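Printed here is protein24.tsv (TSV, C-alpha atoms and all ligand atoms):
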chain	number	residue	atom	x	y	z
A	1	MET	CA	0.00	0.00	0.00
A	2	LYS	CA	1.30	3.40	-0.96
A	3	ARG	CA	1.35	6.36	1.32
A	4	GLU	CA	1.62	10.03	0.44
A	5	GLU	CA	2.04	13.00	2.68
A	6	GLY	CA	-0.36	15.81	1.98
A	7	ILE	CA	-3.42	17.59	3.17
A	8	THR	CA	-5.94	15.43	4.96
A	9	PHE	CA	-9.36	16.56	4.13
A	10	ASP	CA	-12.11	16.37	6.64
A	11	ASN	CA	-14.39	13.53	5.66
A	12	PHE	CA	-17.45	15.45	6.82
A	13	ASN	CA	-16.74	18.40	4.56
A	14	TYR	CA	-16.73	16.22	1.54
A	15	GLN	CA	-17.31	18.01	-1.71
A	16	ARG	CA	-18.29	16.43	-4.92
A	17	GLY	CA	-15.49	16.55	-7.44
A	18	LEU	CA	-12.75	17.35	-4.97
A	19	PHE	CA	-9.87	15.13	-5.93
A	20	ALA	CA	-8.90	12.78	-3.19
A	21	THR	CA	-5.23	12.96	-4.09
A	22	LEU	CA	-5.35	15.88	-1.70
A	23	SER	CA	-6.02	13.53	1.16
A	24	GLY	CA	-3.14	12.49	3.36
A	25	TYR	CA	-3.10	8.75	3.59
A	26	PHE	CA	-5.56	6.90	1.48
A	27	VAL	CA	-6.29	3.37	0.57
A	28	ASN	CA	-5.18	2.22	-2.85
A	29	HIS	CA	-5.57	-0.88	-4.86
A	30	GLN	CA	-2.24	-2.58	-5.28
A	31	ILE	CA	-1.93	-2.00	-8.97
A	32	GLY	CA	1.48	-1.82	-10.56
A	33	GLY	CA	4.21	0.26	-9.02
A	34	SER	CA	4.25	4.02	-8.83
A	35	LYS	CA	1.22	6.24	-8.88
A	36	LYS	CA	1.06	8.21	-12.10
A	37	GLY	CA	-0.05	11.84	-12.20
A	38	LEU	CA	-3.70	12.57	-11.78
A	39	GLU	CA	-4.16	13.88	-15.32
A	40	ASN	CA	-3.11	10.77	-17.19
A	41	LYS	CA	-5.14	8.61	-14.82
A	42	MET	CA	-8.33	10.48	-15.56
A	43	LYS	CA	-10.71	8.70	-17.78
A	44	GLN	CA	-11.91	11.17	-20.35
A	45	THR	CA	-13.58	9.08	-23.02
A	46	GLU	CA	-16.98	10.19	-24.20
A	47	LYS	CA	-18.71	7.00	-23.15
A	48	PHE	CA	-17.25	7.01	-19.65
A	49	ARG	CA	-19.70	7.30	-16.78
A	50	SER	CA	-19.07	8.66	-13.32
A	51	GLY	CA	-21.30	9.26	-10.36
A	52	TYR	CA	-22.33	8.75	-6.79
A	53	VAL	CA	-24.40	6.00	-5.23
A	54	THR	CA	-25.60	6.19	-1.65
A	55	ILE	CA	-26.64	3.11	0.31
A	56	ILE	CA	-29.23	4.00	2.90
A	57	GLY	CA	-31.53	2.04	5.21
A	58	GLU	CA	-32.23	1.01	8.78
A	59	PRO	CA	-29.46	-0.36	10.98
A	60	ASN	CA	-28.31	-3.93	10.36
A	61	VAL	CA	-29.93	-4.45	6.95
A	62	GLY	CA	-26.55	-5.18	5.32
A	63	LYS	CA	-25.44	-1.86	3.80
A	64	SER	CA	-21.78	-2.22	4.72
A	65	THR	CA	-21.78	-5.86	3.61
A	66	LEU	CA	-23.04	-4.73	0.21
A	67	LEU	CA	-20.37	-2.03	-0.09
A	68	ASN	CA	-17.68	-4.63	0.59
A	69	ALA	CA	-19.27	-7.12	-1.83
A	70	ILE	CA	-19.38	-4.56	-4.63
A	71	LEU	CA	-15.78	-3.46	-4.09
A	72	GLY	CA	-14.46	-6.97	-3.47
A	73	GLU	CA	-12.53	-5.63	-0.46
A	74	LYS	CA	-13.32	-5.34	3.19
A	75	LEU	CA	-13.56	-1.62	3.56
A	76	ALA	CA	-16.49	-1.04	5.89
A	77	ILE	CA	-16.72	-2.85	9.20
A	78	VAL	CA	-19.56	-5.35	9.58
A	79	THR	CA	-20.97	-6.83	12.77
A	80	PRO	CA	-24.21	-8.59	13.74
A	81	LYS	CA	-25.05	-5.63	15.99
A	82	PRO	CA	-27.14	-2.72	14.71
A	83	GLN	CA	-25.64	0.79	14.48
A	84	THR	CA	-22.19	-0.42	13.57
A	85	THR	CA	-21.42	2.25	10.96
A	86	ARG	CA	-21.00	5.78	12.32
A	87	ASN	CA	-19.57	7.71	9.37
A	88	ARG	CA	-20.14	7.97	5.71
A	89	ILE	CA	-17.76	5.39	4.22
A	90	THR	CA	-16.60	5.94	0.68
A	91	GLY	CA	-15.72	3.11	-1.66
A	92	ILE	CA	-14.59	3.84	-5.21
A	93	LEU	CA	-15.11	1.33	-8.00
A	94	THR	CA	-13.34	2.07	-11.27
A	95	THR	CA	-13.53	0.02	-14.46
A	96	ASP	CA	-12.73	0.86	-18.09
A	97	ASN	CA	-16.28	2.12	-18.51
A	98	TYR	CA	-17.18	3.86	-15.30
A	99	GLN	CA	-16.17	5.16	-11.92
A	100	ILE	CA	-18.77	4.88	-9.20
A	101	ILE	CA	-18.30	6.33	-5.75
A	102	PHE	CA	-20.35	4.35	-3.26
A	103	LEU	CA	-21.30	5.91	0.05
A	104	ASP	CA	-22.18	3.56	2.87
A	105	THR	CA	-24.07	5.38	5.61
A	106	PRO	CA	-25.05	4.90	9.26
A	107	GLY	CA	-28.42	3.15	9.64
A	108	ILE	CA	-31.29	5.60	9.96
A	109	LEU	CA	-33.32	5.44	13.14
A	110	ARG	CA	-35.07	7.64	15.64
A	111	PRO	CA	-32.32	9.53	17.51
A	112	LYS	CA	-31.96	8.99	21.26
A	113	TYR	CA	-28.73	10.85	21.81
A	114	ARG	CA	-26.55	13.39	20.09
A	115	LEU	CA	-24.33	10.87	18.30
A	116	GLN	CA	-27.40	9.34	16.66
A	117	GLU	CA	-28.53	12.74	15.39
A	118	HIS	CA	-25.17	13.01	13.69
A	119	LEU	CA	-25.54	9.54	12.17
A	120	ILE	CA	-28.87	10.38	10.58
A	121	LYS	CA	-27.64	13.71	9.26
A	122	ALA	CA	-24.66	11.96	7.70
A	123	ALA	CA	-26.98	9.46	6.00
A	124	PHE	CA	-29.30	12.08	4.53
A	125	ALA	CA	-26.45	14.36	3.48
A	126	ALA	CA	-24.98	11.45	1.53
A	127	ALA	CA	-28.32	10.84	-0.17
A	128	ASP	CA	-28.59	14.47	-1.24
A	129	ASP	CA	-25.43	14.15	-3.31
A	130	ALA	CA	-26.27	10.93	-5.04
A	131	ASP	CA	-27.16	10.03	-8.62
A	132	VAL	CA	-28.57	6.73	-7.37
A	133	ILE	CA	-29.91	5.90	-3.94
A	134	LEU	CA	-30.11	2.29	-2.84
A	135	TYR	CA	-32.75	1.99	-0.15
A	136	MET	CA	-32.00	-1.32	1.50
A	137	ILE	CA	-34.33	-3.50	3.54
A	138	ASP	CA	-33.78	-6.80	5.35
A	139	VAL	CA	-36.22	-9.44	4.21
A	140	LYS	CA	-36.14	-11.10	7.65
A	141	ASN	CA	-36.99	-7.93	9.49
A	142	LEU	CA	-39.51	-5.86	7.61
A	143	PRO	CA	-40.84	-2.97	9.64
A	144	PRO	CA	-43.62	-0.95	8.00
A	145	PRO	CA	-42.08	1.25	5.29
A	146	GLU	CA	-41.12	4.70	6.56
A	147	PHE	CA	-42.80	6.80	3.91
A	148	GLY	CA	-41.54	9.99	5.52
A	149	ILE	CA	-37.97	8.83	5.03
A	150	LEU	CA	-38.65	7.62	1.50
A	151	GLU	CA	-40.28	10.94	0.55
A	152	ARG	CA	-37.31	12.78	2.04
A	153	ILE	CA	-34.92	10.64	-0.02
A	154	LYS	CA	-36.96	10.97	-3.17
A	155	LYS	CA	-36.74	14.77	-2.95
A	156	SER	CA	-32.98	14.55	-3.39
A	157	GLY	CA	-33.65	13.79	-7.04
A	158	GLY	CA	-31.49	10.66	-7.44
A	159	THR	CA	-32.82	7.41	-8.88
A	160	LEU	CA	-34.37	5.42	-6.04
A	161	ILE	CA	-33.77	1.67	-6.11
A	162	LEU	CA	-35.23	-0.66	-3.48
A	163	VAL	CA	-32.71	-3.37	-2.60
A	164	ILE	CA	-34.27	-6.33	-0.80
A	165	ASN	CA	-31.39	-7.99	1.04
A	166	LYS	CA	-30.79	-11.32	2.83
A	167	ILE	CA	-32.88	-13.35	0.38
A	168	ASP	CA	-30.76	-16.38	1.31
A	169	LEU	CA	-32.85	-16.50	4.49
A	170	ILE	CA	-36.27	-16.96	2.87
A	171	PRO	CA	-37.85	-19.42	0.44
A	172	LYS	CA	-37.69	-18.14	-3.15
A	173	THR	CA	-41.48	-18.46	-3.52
A	174	THR	CA	-42.12	-15.65	-1.03
A	175	LEU	CA	-40.04	-13.22	-3.02
A	176	LEU	CA	-42.40	-12.35	-5.88
A	177	PRO	CA	-45.36	-11.38	-3.68
A	178	LEU	CA	-42.99	-9.28	-1.59
A	179	ILE	CA	-41.64	-7.41	-4.61
A	180	SER	CA	-45.12	-6.77	-5.93
A	181	SER	CA	-46.34	-5.49	-2.56
A	182	TYR	CA	-43.44	-3.06	-2.30
A	183	SER	CA	-43.94	-1.83	-5.84
A	184	GLN	CA	-47.51	-0.91	-4.90
A	185	LYS	CA	-46.48	0.83	-1.69
A	186	PHE	CA	-44.02	3.31	-3.14
A	187	ASP	CA	-42.82	4.59	-6.46
A	188	PHE	CA	-39.37	2.95	-6.60
A	189	GLN	CA	-37.68	3.20	-9.99
A	190	GLU	CA	-36.35	-0.33	-9.60
A	191	ILE	CA	-36.68	-3.17	-7.12
A	192	ILE	CA	-34.02	-5.84	-6.86
A	193	PRO	CA	-33.58	-8.78	-4.48
A	194	ILE	CA	-30.05	-9.70	-3.41
A	195	SER	CA	-28.00	-11.58	-0.87
A	196	ALA	CA	-25.01	-9.43	-0.03
A	197	THR	CA	-23.25	-12.20	1.89
A	198	GLN	CA	-23.77	-14.84	-0.84
A	199	GLY	CA	-23.18	-12.39	-3.68
A	200	ASP	CA	-26.55	-13.30	-5.22
A	201	GLY	CA	-27.86	-10.52	-7.42
A	202	VAL	CA	-24.94	-8.20	-6.65
A	203	SER	CA	-23.63	-8.05	-10.22
A	204	ASP	CA	-27.19	-7.59	-11.55
A	205	LEU	CA	-27.57	-4.71	-9.13
A	206	LEU	CA	-24.33	-3.19	-10.35
A	207	ASP	CA	-25.45	-3.47	-14.00
A	208	LEU	CA	-28.68	-1.74	-13.05
A	209	ILE	CA	-26.90	1.05	-11.20
A	210	VAL	CA	-24.55	1.77	-14.12
A	211	LYS	CA	-27.53	2.53	-16.37
A	212	TYR	CA	-28.45	5.46	-14.13
A	213	ILE	CA	-24.96	6.92	-13.81
A	214	PRO	CA	-24.42	9.99	-16.02
A	215	TYR	CA	-21.61	10.36	-18.54
A	216	GLY	CA	-18.62	12.22	-17.21
A	217	PRO	CA	-14.94	11.96	-16.34
A	218	ALA	CA	-13.54	10.13	-13.33
A	219	TYR	CA	-13.25	12.05	-10.09
A	220	TYR	CA	-10.45	9.94	-8.62
A	221	PRO	CA	-7.35	8.13	-9.89
A	222	GLU	CA	-8.30	4.63	-11.01
A	223	ASP	CA	-6.34	2.79	-8.31
A	224	GLN	CA	-7.89	4.69	-5.43
A	225	LEU	CA	-10.28	2.72	-3.26
A	226	SER	CA	-11.48	5.39	-0.83
A	227	ASP	CA	-11.08	9.05	0.01
A	228	LEU	CA	-10.79	8.24	3.70
A	229	PRO	CA	-7.34	8.05	5.29
A	230	GLU	CA	-5.75	4.77	6.38
A	231	ARG	CA	-5.94	5.91	10.00
A	232	PHE	CA	-9.70	5.95	9.73
A	233	PHE	CA	-9.80	2.32	8.62
A	234	VAL	CA	-7.34	1.37	11.36
A	235	ALA	CA	-9.60	2.95	14.01
A	236	GLU	CA	-12.63	1.28	12.47
A	237	THR	CA	-10.98	-2.14	12.52
A	238	ILE	CA	-10.30	-1.77	16.25
A	239	ARG	CA	-13.85	-0.58	16.82
A	240	GLU	CA	-15.17	-3.64	14.96
A	241	LYS	CA	-13.30	-5.91	17.35
A	242	VAL	CA	-14.74	-4.02	20.33
A	243	PHE	CA	-18.20	-4.59	18.84
A	244	LEU	CA	-17.49	-8.29	18.41
A	245	LYS	CA	-15.84	-8.89	21.79
A	246	THR	CA	-18.13	-6.90	24.10
A	247	LYS	CA	-21.84	-6.85	24.82
A	248	GLN	CA	-24.84	-4.68	25.60
A	249	GLU	CA	-24.00	-1.01	26.00
A	250	ILE	CA	-20.19	-1.32	25.76
A	251	PRO	CA	-19.84	-1.25	21.95
A	252	TYR	CA	-22.11	1.79	21.75
A	253	ALA	CA	-20.26	3.62	24.50
A	254	SER	CA	-16.92	3.01	22.76
A	255	CYS	CA	-15.04	4.86	20.09
A	256	VAL	CA	-11.49	4.68	18.83
A	257	LEU	CA	-8.92	7.31	17.98
A	258	VAL	CA	-5.54	6.65	16.38
A	259	ASP	CA	-3.04	8.82	18.26
A	260	GLU	CA	0.08	7.89	16.35
A	261	PHE	CA	0.67	6.22	13.01
A	262	LYS	CA	4.31	5.99	11.99
A	263	GLU	CA	6.30	3.95	9.56
A	264	ARG	CA	9.64	3.03	11.11
A	265	GLU	CA	12.57	0.77	10.35
A	266	ARG	CA	12.12	-1.95	7.73
A	267	GLY	CA	8.61	-0.90	6.80
A	268	LYS	CA	7.05	-1.78	10.15
A	269	ILE	CA	4.16	0.47	11.09
A	270	TYR	CA	3.76	1.64	14.69
A	271	ILE	CA	0.26	2.48	15.73
A	272	HIS	CA	-0.91	3.86	19.05
A	273	ALA	CA	-4.66	4.01	19.52
A	274	THR	CA	-7.07	4.82	22.33
A	275	ILE	CA	-10.45	3.26	22.96
A	276	TYR	CA	-12.67	5.80	24.73
A	277	VAL	CA	-15.57	4.67	26.89
A	278	GLU	CA	-18.06	6.62	28.95
A	279	ARG	CA	-17.53	5.14	32.41
A	280	ASN	CA	-14.85	3.53	34.53
A	281	SER	CA	-16.81	0.28	34.82
A	282	GLN	CA	-16.84	0.02	31.00
A	283	LYS	CA	-13.10	0.52	30.93
A	284	GLY	CA	-12.70	-2.47	33.24
A	285	ILE	CA	-14.86	-4.64	31.01
A	286	ILE	CA	-12.95	-3.74	27.83
A	287	ILE	CA	-9.64	-4.49	29.52
A	288	GLY	CA	-11.02	-7.74	30.97
A	289	LYS	CA	-9.59	-10.07	33.59
A	290	GLY	CA	-5.81	-9.79	33.52
A	291	GLY	CA	-6.11	-7.68	30.37
A	292	ARG	CA	-7.49	-10.61	28.40
A	293	THR	CA	-10.27	-8.90	26.45
A	294	LEU	CA	-8.10	-5.99	25.36
A	295	LYS	CA	-5.41	-8.43	24.30
A	296	GLU	CA	-7.90	-10.33	22.14
A	297	ILE	CA	-9.20	-7.10	20.60
A	298	GLY	CA	-5.63	-6.00	19.87
A	299	GLN	CA	-4.59	-9.30	18.36
A	300	LEU	CA	-7.61	-9.58	16.05
A	301	ALA	CA	-7.30	-5.93	15.02
A	302	ARG	CA	-3.57	-6.17	14.35
A	303	GLU	CA	-3.94	-9.16	12.03
A	304	GLU	CA	-6.56	-7.36	9.99
A	305	ILE	CA	-4.68	-4.05	9.94
A	306	GLU	CA	-1.62	-5.89	8.62
A	307	THR	CA	-3.70	-7.20	5.74
A	308	LEU	CA	-5.14	-3.76	5.11
A	309	LEU	CA	-1.78	-1.98	5.15
A	310	GLN	CA	0.16	-4.92	3.75
A	311	ALA	CA	2.91	-4.36	6.28
A	312	PRO	CA	3.90	-5.68	9.71
A	313	VAL	CA	2.23	-3.66	12.42
A	314	PHE	CA	3.01	-2.92	16.05
A	315	LEU	CA	-0.28	-2.02	17.70
A	316	ASN	CA	-0.61	-0.50	21.14
A	317	ILE	CA	-4.09	0.20	22.50
A	318	ARG	CA	-5.01	2.14	25.63
A	319	VAL	CA	-8.45	2.51	27.17
A	320	LYS	CA	-9.58	5.86	28.56
A	321	VAL	CA	-12.76	7.31	30.02
A	322	LYS	CA	-14.42	10.33	28.45
A	323	GLU	CA	-17.60	10.76	30.41
A	324	ASN	CA	-20.78	10.90	28.33
A	325	TRP	CA	-18.90	11.62	25.12
A	326	ARG	CA	-21.91	10.59	23.05
A	327	LYS	CA	-23.92	13.49	24.39
A	328	ASN	CA	-21.25	16.15	24.28
A	329	GLU	CA	-20.88	18.04	21.03
A	330	ARG	CA	-17.30	19.08	21.69
A	331	ASP	CA	-16.26	15.51	22.44
A	332	LEU	CA	-18.07	14.27	19.35
A	333	LYS	CA	-16.17	16.70	17.21
A	334	GLU	CA	-12.86	15.77	18.81
A	335	LEU	CA	-13.58	12.12	18.26
A	336	GLY	CA	-14.26	12.58	14.56
A	337	TYR	CA	-18.06	12.73	14.61
A	338	GLY	CA	-18.41	16.32	13.50
A	339	ILE	CA	-21.95	17.62	13.54
B	401	LIG	N1	-27.93	-13.98	5.96
B	401	LIG	C1	-27.49	-12.80	5.54
B	401	LIG	N2	-26.92	-11.95	6.41
B	401	LIG	C2	-26.48	-10.76	5.93
B	401	LIG	C3	-26.61	-10.39	4.57
B	401	LIG	N3	-26.09	-9.15	4.43
B	401	LIG	C4	-25.65	-8.78	5.65
B	401	LIG	N4	-25.89	-9.74	6.55
B	401	LIG	C5	-25.54	-9.74	7.99
B	401	LIG	O1	-26.27	-8.70	8.63
B	401	LIG	C6	-25.52	-8.13	9.69
B	401	LIG	C7	-25.42	-6.62	9.53
B	401	LIG	O2	-24.66	-6.33	8.38
B	401	LIG	P1	-24.03	-4.88	8.15
B	401	LIG	O3	-23.47	-4.88	6.77
B	401	LIG	O4	-23.14	-4.51	9.28
B	401	LIG	O5	-25.35	-3.99	8.21
B	401	LIG	P2	-25.48	-2.40	8.10
B	401	LIG	O6	-26.75	-2.11	7.37
B	401	LIG	O7	-24.25	-1.82	7.54
B	401	LIG	O8	-25.66	-2.00	9.63
B	401	LIG	P3	-25.38	-0.57	10.37
B	401	LIG	O9	-23.98	-0.16	10.04
B	401	LIG	O10	-25.57	-0.91	11.80
B	401	LIG	O11	-26.41	0.38	9.86
B	401	LIG	C8	-24.15	-8.82	9.66
B	401	LIG	O12	-24.15	-9.85	10.60
B	401	LIG	C9	-24.09	-9.38	8.24
B	401	LIG	O13	-23.26	-10.53	8.12
B	401	LIG	C10	-27.22	-11.32	3.67
B	401	LIG	O14	-27.37	-11.12	2.46
B	401	LIG	N5	-27.65	-12.50	4.21
B	402	MG	MG	-22.90	-0.52	8.37
Could I get this structure in the form of structure tokens?
Amino acid sequence: MKREEGITFDNFNYQRGLFATLSGYFVNHQIGGSKKGLENKMKQTEKFRSGYVTIIGEPNVGKSTLLNAILGEKLAIVTPKPQTTRNRITGILTTDNYQIIFLDTPGILRPKYRLQEHLIKAAFAAADDADVILYMIDVKNLPPPEFGILERIKKSGGTLILVINKIDLIPKTTLLPLISSYSQKFDFQEIIPISATQGDGVSDLLDLIVKYIPYGPAYYPEDQLSDLPERFFVAETIREKVFLKTKQEIPYASCVLVDEFKERERGKIYIHATIYVERNSQKGIIIGKGGRTLKEIGQLAREEIETLLQAPVFLNIRVKVKENWRKNERDLKELGYGI
């Protein structure tokens, strides 16, 4: 993975068309050797398409799983717990014919605390920018459609596609009646059933999306996978392990900041990170008896970060208390959840 010093741009102040080569550390595909200049990487042919696709829906429906399936890389963290994603995650897919920037968003829900207000804002802001909006539902958990939300999305002007996910969990015969009932309930431009984990329907969905992407030049160099810095994905990987290794309120009361990220001798990367929790008792649980839980979190995270960065990694994680950070706007900003 290549690394370039530069300006890191704030992922919340994202602007369409801003070239991500300005960002500090970003995630690249491992294609060839050196990175050529932006100009000769830009696809300029007349038939080339480029645009934005936002994935939106309630928590836990499989949005991040779909992003990863489309990109063929694990970019967004995925856990069985709802409200895993907290930021807008960008994934860039470039082929000879198109460049599509996918935005995975936090699940939309009724906000109970300040952090959740931020999550919903991030989701809607991403929809406002999109050429295509994928509204995703989970076939095993179908709450009544939120027409208010759908109307709000529709106003953004992008093509609205209903993606019915997790079809591996139901008999095929129940699918047709479901599709027809949804087509009567709301004016979706397209409805498509998929299984994001099995890959069923994912390439059909991609073909469908491409049809609605306008002609235009690429926004990013073709080997770029995201506009978010590597540090962000490092913090997310640690947060995923906290989600997987702890229960109840702990994952939700936790967030991760990377304090130091340095490449030292022989390509080894030294990373110091802090897990913040809201109370002392939560700190004890994350650390675990004799430090066992934290050790497990660190070990799992390190292995995955090494794959992501394609380099040996030294990972040091501390746990600190930041009381009620989820409710405090200043803390939220400091922790990367700018409102
Ligand atoms: N059986 C099955 N499970 C799936 C499918 N897609 C996703 N899942 C599972 O659903 C759970 C939630 O997936 P995520 O991708 O994290 O869902 P999300 O919509 O991003 O959730 P939030 O970030 O919380 O909004 C995980 O356990 C996934 O493995 C699918 O097609 N079939
Ligand atoms: Mg998610």
Taking all atoms listed in the file into account, produce a table as JSON lines in which each residue of range 118-142 of chain A with an atom at most 12 Å from an atom of range 97-102 of chain A appears once, together with its shortest atom pair and the distance in Å to one decimal, ordered by chain and rising number.
{"residue": "A:Ala126", "atom": "CA", "partner": "A:Phe102", "partner_atom": "CA", "distance": 9.7}
{"residue": "A:Ala127", "atom": "CA", "partner": "A:Phe102", "partner_atom": "CA", "distance": 10.7}
{"residue": "A:Asp129", "atom": "CA", "partner": "A:Ile101", "partner_atom": "CA", "distance": 10.9}
{"residue": "A:Ala130", "atom": "CA", "partner": "A:Phe102", "partner_atom": "CA", "distance": 9.0}
{"residue": "A:Asp131", "atom": "CA", "partner": "A:Ile100", "partner_atom": "CA", "distance": 9.9}
{"residue": "A:Val132", "atom": "CA", "partner": "A:Phe102", "partner_atom": "CA", "distance": 9.5}
{"residue": "A:Ile133", "atom": "CA", "partner": "A:Phe102", "partner_atom": "CA", "distance": 9.7}
{"residue": "A:Leu134", "atom": "CA", "partner": "A:Phe102", "partner_atom": "CA", "distance": 10.0}
Near-ligand residues for ligand LIG 401 (chain B), threshold 10 Å, only C-alpha atoms and all ligand atoms, as an MDAnalysis selection string: chainID A and resid 55:69 76:88 104:109 119 123 136:140 164:170 193:202 240
Length of the CA of Val256 in chain A to CA of Lys112 in chain A vector [Å]: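 Rounded to one decimal, the two atoms are 21.1 Å apart.
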Residue contacts of Leu115 in chain A (9 Å, all atoms listed in the file) excluding same-chain residues fewer than 4 positions away, as a PyMOL selection string: chain A and resi 86+111+119-120+325-329+332+337+339
Polymer residues at most 9 Å from Ile286 in chain A, only C-alpha atoms, same-chain spacing of 3 or more positions, as an NGL selection string: :A and (242 or 245-246 or 250 or 275 or 277 or 281-283 or 291-294 or 297 or 319)
Which residue of A:Phe186, A:Glu117, A:Ser50, A:Phe314 approaches Glu222 in chain A most closely, using all atoms listed in the file: A:Ser50
Contacts of Ile271 in chain A within 8 Å, all atoms listed in the file, excl. fewer than 5 positions in-chain, as a VMD selection string: chain A and resid 258 to 262 313 to 316
Could you work out an axis-aligned bounding box for all listed atoms of range 319-327 of chain A, with 8 Å added on each of the six sides, and give its centre and edge lengths in Å to one decimal, as lines of an AutoDock Vina configuration file?
center_x = -16.2
center_y = 8.0
center_z = 26.7
size_x = 31.5
size_y = 27.0
size_z = 23.4
Pick from A:Glu236, A:Leu162, A:Thr173, A:Tyr215 nearest to ligand MG 402 (chain B), counting only C-alpha atoms and all ligand atoms: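 When distances to ligand MG 402 (chain B) are compared using only C-alpha atoms and all ligand atoms, the smallest one comes from A:Glu236.
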Coordinates-based distance that separates CA of Asn141 in chain A from CA of Leu71 in chain A (Å, one decimal):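 Computed distance, CA of Leu71 in chain A to CA of Asn141 in chain A, equals 25.6 Å.
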Interatomic distance (Å, one decimal) between CA of Thr94 in chain A and CA of Pro214 in chain A: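 So the answer is 14.4 Å.
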Shell around Thr95 in chain A at 10 Å using all atoms listed in the file, local window under 6 positions removed, as a list in words: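 The residues satisfying every condition are Lys43, Phe48, Arg49, Glu222 and Asp223 of chain A.
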A:Ile238, A:Ile317, A:Val53, A:Leu103 ranked by distance to ligand MG 402 (chain B), top pick (using all atoms listed in the file):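 Closest to ligand MG 402 (chain B) of all the choices is A:Leu103.
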